[in-house]
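Enquirer: Just data-v8.cif, nothing more (mmCIF, C-alpha atoms):
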data_upload
#
loop_
_atom_site.label_atom_id
_atom_site.label_comp_id
_atom_site.auth_asym_id
_atom_site.auth_seq_id
_atom_site.Cartn_x
_atom_site.Cartn_y
_atom_site.Cartn_z
CA MET A 1 0.00 0.00 0.00
CA SER A 2 1.39 3.41 -0.98
CA ALA A 3 1.94 6.09 1.62
CA PRO A 4 -0.80 8.73 1.89
CA ALA A 5 -0.12 11.91 -0.05
CA HIS A 6 0.75 15.06 1.83
CA ARG A 7 -2.14 17.49 1.43
CA ILE A 8 -1.38 21.12 0.66
CA ALA A 9 -4.06 23.75 0.23
CA ILE A 10 -2.85 26.70 -1.84
CA ASP A 11 -4.55 30.09 -2.08
CA PHE A 12 -3.25 32.04 -5.08
CA PHE A 13 -4.22 35.72 -5.08
CA ALA A 14 -3.91 37.15 -8.56
CA ASP A 15 -5.27 39.26 -11.39
CA VAL A 16 -5.31 38.02 -14.98
CA SER A 17 -3.99 41.38 -16.24
CA CYS A 18 -0.81 40.89 -14.17
CA PRO A 19 2.06 39.29 -16.11
CA TRP A 20 3.83 38.30 -12.89
CA CYS A 21 0.67 36.45 -11.87
CA TYR A 22 0.67 34.56 -15.17
CA VAL A 23 4.33 33.57 -14.75
CA GLY A 24 3.84 32.66 -11.10
CA TRP A 25 0.70 30.62 -11.79
CA GLU A 26 2.45 28.56 -14.45
CA ALA A 27 5.59 28.09 -12.33
CA LEU A 28 3.55 27.02 -9.31
CA LYS A 29 1.62 24.46 -11.35
CA ARG A 30 4.85 23.04 -12.73
CA ALA A 31 6.26 22.72 -9.23
CA ALA A 32 3.15 20.87 -8.06
CA GLU A 33 3.11 18.58 -11.11
CA ALA A 34 6.73 17.62 -10.39
CA ARG A 35 5.65 16.31 -6.96
CA PRO A 36 3.15 13.48 -7.52
CA GLY A 37 3.52 12.55 -3.84
CA LEU A 38 1.72 15.75 -2.88
CA SER A 39 -2.04 16.21 -3.00
CA VAL A 40 -2.33 19.86 -3.98
CA SER A 41 -5.55 21.85 -3.89
CA LEU A 42 -5.01 25.08 -5.83
CA ALA A 43 -7.59 27.82 -5.25
CA TRP A 44 -7.70 31.02 -7.29
CA ARG A 45 -8.42 34.15 -5.25
CA ASN A 46 -9.28 37.12 -7.42
CA PHE A 47 -7.67 40.50 -6.93
CA LEU A 48 -8.21 43.64 -9.00
CA LEU A 49 -5.03 45.57 -9.73
CA ASN A 50 -7.14 48.44 -11.06
CA PRO A 51 -10.56 48.23 -9.38
CA ASP A 52 -11.51 51.66 -10.76
CA MET A 53 -10.54 50.81 -14.34
CA PRO A 54 -13.11 51.97 -16.94
CA ARG A 55 -15.08 49.06 -18.34
CA GLU A 56 -13.48 49.57 -21.76
CA GLY A 57 -9.96 49.56 -20.29
CA TYR A 58 -7.08 51.69 -21.54
CA ASP A 59 -4.90 51.84 -24.61
CA ALA A 60 -1.73 50.04 -23.53
CA ARG A 61 0.73 52.42 -25.19
CA ASP A 62 -0.86 55.51 -23.64
CA TYR A 63 -1.16 53.82 -20.25
CA PHE A 64 2.51 52.89 -20.05
CA GLN A 65 3.73 56.22 -21.42
CA LYS A 66 1.81 58.04 -18.69
CA LYS A 67 2.60 55.67 -15.83
CA PHE A 68 6.18 54.47 -16.34
CA ASP A 69 9.58 55.91 -17.09
CA PRO A 70 10.78 54.30 -20.37
CA GLU A 71 13.97 52.91 -18.84
CA ARG A 72 12.09 51.47 -15.88
CA LEU A 73 9.56 49.91 -18.23
CA LYS A 74 12.33 48.40 -20.34
CA ALA A 75 13.97 46.92 -17.23
CA THR A 76 10.66 45.54 -15.99
CA HIS A 77 9.98 43.89 -19.34
CA ALA A 78 13.45 42.35 -19.35
CA ALA A 79 12.89 40.95 -15.86
CA LEU A 80 9.51 39.56 -16.91
CA MET A 81 10.95 37.83 -19.95
CA ALA A 82 13.74 36.32 -17.85
CA ALA A 83 11.19 35.04 -15.31
CA ALA A 84 9.01 33.61 -18.08
CA ASP A 85 12.01 31.83 -19.58
CA ALA A 86 12.92 30.40 -16.16
CA ALA A 87 9.36 29.13 -15.73
CA GLY A 88 9.25 27.78 -19.29
CA VAL A 89 6.14 29.74 -20.26
CA PRO A 90 5.40 31.77 -23.40
CA LEU A 91 4.96 35.48 -22.85
CA ASN A 92 4.38 38.05 -25.59
CA LEU A 93 4.40 41.51 -24.05
CA ASP A 94 4.47 43.30 -27.39
CA LYS A 95 1.14 41.93 -28.67
CA ARG A 96 -0.98 43.45 -25.92
CA THR A 97 -2.75 46.61 -27.08
CA ARG A 98 -5.25 47.08 -24.23
CA ILE A 99 -5.01 47.25 -20.45
CA PRO A 100 -8.30 45.53 -19.61
CA ASN A 101 -10.87 45.88 -16.91
CA THR A 102 -10.74 42.33 -15.52
CA ILE A 103 -13.99 42.09 -13.57
CA ASP A 104 -15.68 40.20 -16.43
CA ALA A 105 -12.71 37.83 -16.73
CA HIS A 106 -12.96 37.09 -13.01
CA ARG A 107 -16.70 36.52 -13.44
CA VAL A 108 -16.00 33.89 -16.09
CA ILE A 109 -13.49 32.18 -13.78
CA HIS A 110 -16.08 32.28 -11.00
CA TRP A 111 -18.70 30.64 -13.22
CA ALA A 112 -16.20 28.11 -14.55
CA ALA A 113 -15.32 27.12 -10.97
CA GLY A 114 -18.92 26.07 -10.47
CA GLN A 115 -18.45 23.58 -13.32
CA GLY A 116 -15.06 22.32 -12.16
CA LEU A 117 -13.38 24.29 -14.95
CA ALA A 118 -11.67 27.09 -13.01
CA GLU A 119 -8.12 26.09 -13.91
CA ALA A 120 -9.02 25.69 -17.58
CA ALA A 121 -10.62 29.15 -17.59
CA ILE A 122 -7.63 30.74 -15.89
CA ASP A 123 -5.23 29.09 -18.32
CA GLY A 124 -7.37 30.10 -21.29
CA ILE A 125 -7.72 33.72 -20.20
CA PHE A 126 -4.03 34.05 -19.40
CA ALA A 127 -3.09 32.57 -22.79
CA ALA A 128 -5.55 34.79 -24.65
CA HIS A 129 -4.04 37.89 -23.08
CA TRP A 130 -0.36 37.12 -22.54
CA VAL A 131 0.34 34.87 -25.52
CA GLU A 132 -2.20 35.97 -28.14
CA GLY A 133 -2.43 39.62 -27.08
CA ARG A 134 -6.25 39.63 -27.03
CA ASP A 135 -8.34 42.04 -24.97
CA ILE A 136 -9.74 39.97 -22.10
CA GLY A 137 -11.98 42.88 -21.15
CA ASP A 138 -13.94 42.17 -24.34
CA ALA A 139 -16.98 39.92 -23.92
CA GLY A 140 -16.42 38.29 -27.30
CA VAL A 141 -12.94 37.16 -26.30
CA LEU A 142 -14.24 35.73 -23.03
CA VAL A 143 -17.03 33.89 -24.85
CA ASP A 144 -14.38 32.40 -27.15
CA VAL A 145 -12.42 31.20 -24.11
CA ALA A 146 -15.60 29.71 -22.65
CA ARG A 147 -16.24 27.82 -25.89
CA GLU A 148 -12.67 26.48 -25.93
CA ILE A 149 -13.01 25.00 -22.44
CA ASP A 150 -16.54 23.59 -22.96
CA LEU A 151 -18.20 26.18 -20.77
CA ASP A 152 -21.57 27.08 -22.31
CA PRO A 153 -20.67 30.09 -24.51
CA GLU A 154 -24.26 31.23 -25.03
CA LEU A 155 -24.91 31.28 -21.30
CA VAL A 156 -21.63 33.08 -20.64
CA GLY A 157 -22.50 35.67 -23.28
CA ARG A 158 -25.89 36.30 -21.70
CA LEU A 159 -24.41 36.59 -18.23
CA LEU A 160 -21.70 38.97 -19.42
CA SER A 161 -24.34 41.23 -20.97
CA GLY A 162 -25.68 41.86 -17.45
CA ASP A 163 -24.21 42.43 -14.02
CA ALA A 164 -24.49 38.91 -12.59
CA ASP A 165 -21.88 38.36 -9.85
CA ARG A 166 -20.13 41.70 -10.37
CA ASP A 167 -20.83 42.54 -6.74
CA ALA A 168 -19.47 39.16 -5.69
CA ILE A 169 -16.17 39.79 -7.50
CA LEU A 170 -15.86 43.24 -5.95
CA ALA A 171 -16.61 41.77 -2.52
CA LEU A 172 -13.94 39.09 -2.96
CA HIS A 173 -11.43 41.76 -3.94
CA ALA A 174 -12.37 43.80 -0.86
CA LYS A 175 -11.94 40.70 1.29
CA ALA A 176 -8.44 40.16 -0.14
CA VAL A 177 -7.54 43.78 0.65
CA GLN A 178 -8.87 43.39 4.19
CA PHE A 179 -6.78 40.24 4.49
CA GLY A 180 -3.71 42.37 3.77
CA VAL A 181 -3.13 41.72 0.07
CA SER A 182 -1.96 44.92 -1.62
CA GLY A 183 -0.11 43.49 -4.61
CA VAL A 184 -0.10 40.20 -6.47
CA PRO A 185 0.73 37.41 -6.91
CA VAL A 186 0.55 36.22 -3.31
CA THR A 187 0.65 32.49 -2.57
CA ILE A 188 -0.42 31.04 0.79
CA LEU A 189 0.25 27.40 1.57
CA ASN A 190 -1.89 25.66 4.18
CA GLY A 191 -3.03 28.99 5.54
CA ALA A 192 0.42 29.79 6.90
CA ALA A 193 3.45 29.80 4.59
CA LEU A 194 3.57 32.90 2.43
CA VAL A 195 5.26 33.46 -0.93
CA MET A 196 5.22 37.03 -2.21
CA GLY A 197 5.61 37.69 -5.92
CA ALA A 198 6.30 35.29 -8.77
CA GLU A 199 8.97 32.65 -8.23
CA THR A 200 10.66 29.98 -10.31
CA PRO A 201 9.32 26.40 -10.31
CA GLU A 202 12.32 25.44 -8.18
CA LYS A 203 11.59 28.02 -5.49
CA TYR A 204 7.89 27.17 -5.44
CA GLY A 205 8.93 23.53 -5.19
CA ARG A 206 11.02 24.23 -2.11
CA ALA A 207 8.07 26.06 -0.55
CA LEU A 208 5.81 23.06 -1.29
CA ASP A 209 8.37 20.67 0.19
CA ALA A 210 8.64 22.80 3.32
CA ALA A 211 4.87 22.94 3.69
CA ALA A 212 4.65 19.17 3.29
CA GLY A 213 7.40 18.65 5.86
CA ALA A 214 5.58 20.81 8.37
CA HIS A 215 2.87 18.14 8.73
#
Can you turn what I pasted into structure tokens?
Expert:
Amino acid sequence: MSAPAHRIAIDFFADVSCPWCYVGWEALKRAAEARPGLSVSLAWRNFLLNPDMPREGYDARDYFQKKFDPERLKATHAALMAAADAAGVPLNLDKRTRIPNTIDAHRVIHWAAGQGLAEAAIDGIFAAHWVEGRDIGDAGVLVDVAREIDLDPELVGRLLSGDADRDAILALHAKAVQFGVSGVPVTILNGAALVMGAETPEKYGRALDAAAGAH
């Protein structure tokens, strides 16, 4: 009889418009997959980097020109690409043309979770934005993602045309802020161990091993 798996509950606070969250999410999954002896429960906790973002979002070029010094932006992009390479994930920063309002994307993830499809929705939305450069604030893009993961696209389209669960997403964001989250990604293992920011699969792996050893 095989030994029982160590159980680790992970809370991952993130926003789909955050490239560090995308890199961290992929690296964390790779670390977990490399440890079949661990029973990992990975829960997405939504956070809004720009809770006051207009529903149509912003033009990416204008946004970055107004918010960041060019040299700082260049250095940040270089660091992101290095982190993506270390995690073995595709990242195309140049294709993104919009900074999206992500409430609708979080709504889709919320609905997908009810069908056991949360991880597929997260992966699909991240890929649409950070690999394909699509505007994940656009309902049509989100309906396409829903279709790709076998989440009823007609139902998702109808729900997106209204305000279903918008208040729930805002409340979950407020709860994260009250919990002390001010930037993402934040990873909490078994309600105790804390990893701030995006890490490599190796560093996430060490955190998982430490959490397993604590039991």
Enquirer: A:Ala87, A:Gly57, A:Asp165, A:Val16: which is nearest Gly124 of chain A, counting only C-alpha atoms?
Expert: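 Of the candidates, the smallest distance to Gly124 of chain A is held by A:Val16.
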Enquirer: Select, from A:Ala174, A:Asn190, A:Ile136, A:Gly197, the residue with the minimum atom-to-atom distance to Arg7 of chain A, counting all atoms listed in the file.
Expert: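 For Arg7 of chain A, the nearest of the candidates is A:Asn190.
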Enquirer: At a cut-off of 8 Å from (-0.7, 36.3, -10.3) in the coordinates of the file, what residues are picked up using all atoms listed in the file, written as a PyMOL selection string?
Expert: chain A and resi 12-16+18-25+184-186+197-198
Enquirer: Take atom CA of Glu33 of chain A and atom CA of Met196 of chain A and report the distance between them in Å, one decimal.
Expert: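 We find that atom CA of Glu33 of chain A and atom CA of Met196 of chain A lie 20.6 Å from each other.
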Enquirer: If you apply the PyMOL selection byres ((chain A and resi 104-117) around 10) to this file, what residues do you get, as a PyMOL selection string?
Expert: chain A and resi 15-17+43-48+55+100-103+118-126+136-139+141-143+145-146+149-152+156-157+159-161+163-170
Enquirer: Would you translate the PyMOL selection byres ((chain A and resi 35) around 12) into the concrete set of residues it matches in this file, as a PyMOL selection string?
Expert: chain A and resi 5-8+28-34+36-40+201-202+204-209+212
Enquirer: Any idea what the distance is between atom CA of Lys175 of chain A and atom CA of Ser41 of chain A?
Expert: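 Calculated distance between atom CA of Lys175 of chain A and atom CA of Ser41 of chain A is 20.6 Å.
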Enquirer: On this structure, the PyMOL selection byres ((chain A and resi 132) around 10) would catch which residues? List them as a list of chain:residue names, sorted by chain and number.
Expert: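 Listing what the PyMOL selection byres ((chain A and resi 132) around 10) selects in the shown file: A:Pro90, A:Leu91, A:Asn92, A:Leu93, A:Asp94, A:Lys95, A:Arg96, A:Ile125, A:Phe126, A:Ala127, A:Ala128, A:His129, A:Trp130, A:Val131, A:Gly133, A:Arg134, A:Asp135.
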Enquirer: List as a count of residues only the protein and nucleic acid residues near Ala86 of chain A, meaning an atom at most 9 Å away when only C-alpha atoms are counted, but skip any in the same chain fewer than 5 places from it.
Expert: 4
Enquirer: Can you measure atom CA of Gly140 of chain A to atom CA of Gln65 of chain A for me? One decimal in Å is fine.
Expert: 27.6 Å
Enquirer: Out of A:Leu189, A:Leu194, A:Ala210, A:Ala78, which residue has the shortest atom-to-atom distance to Ile10 of chain A when counting all atoms listed in the file?
Expert: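 Looking at the shortest contact to Ile10 of chain A, the residue is A:Leu189.
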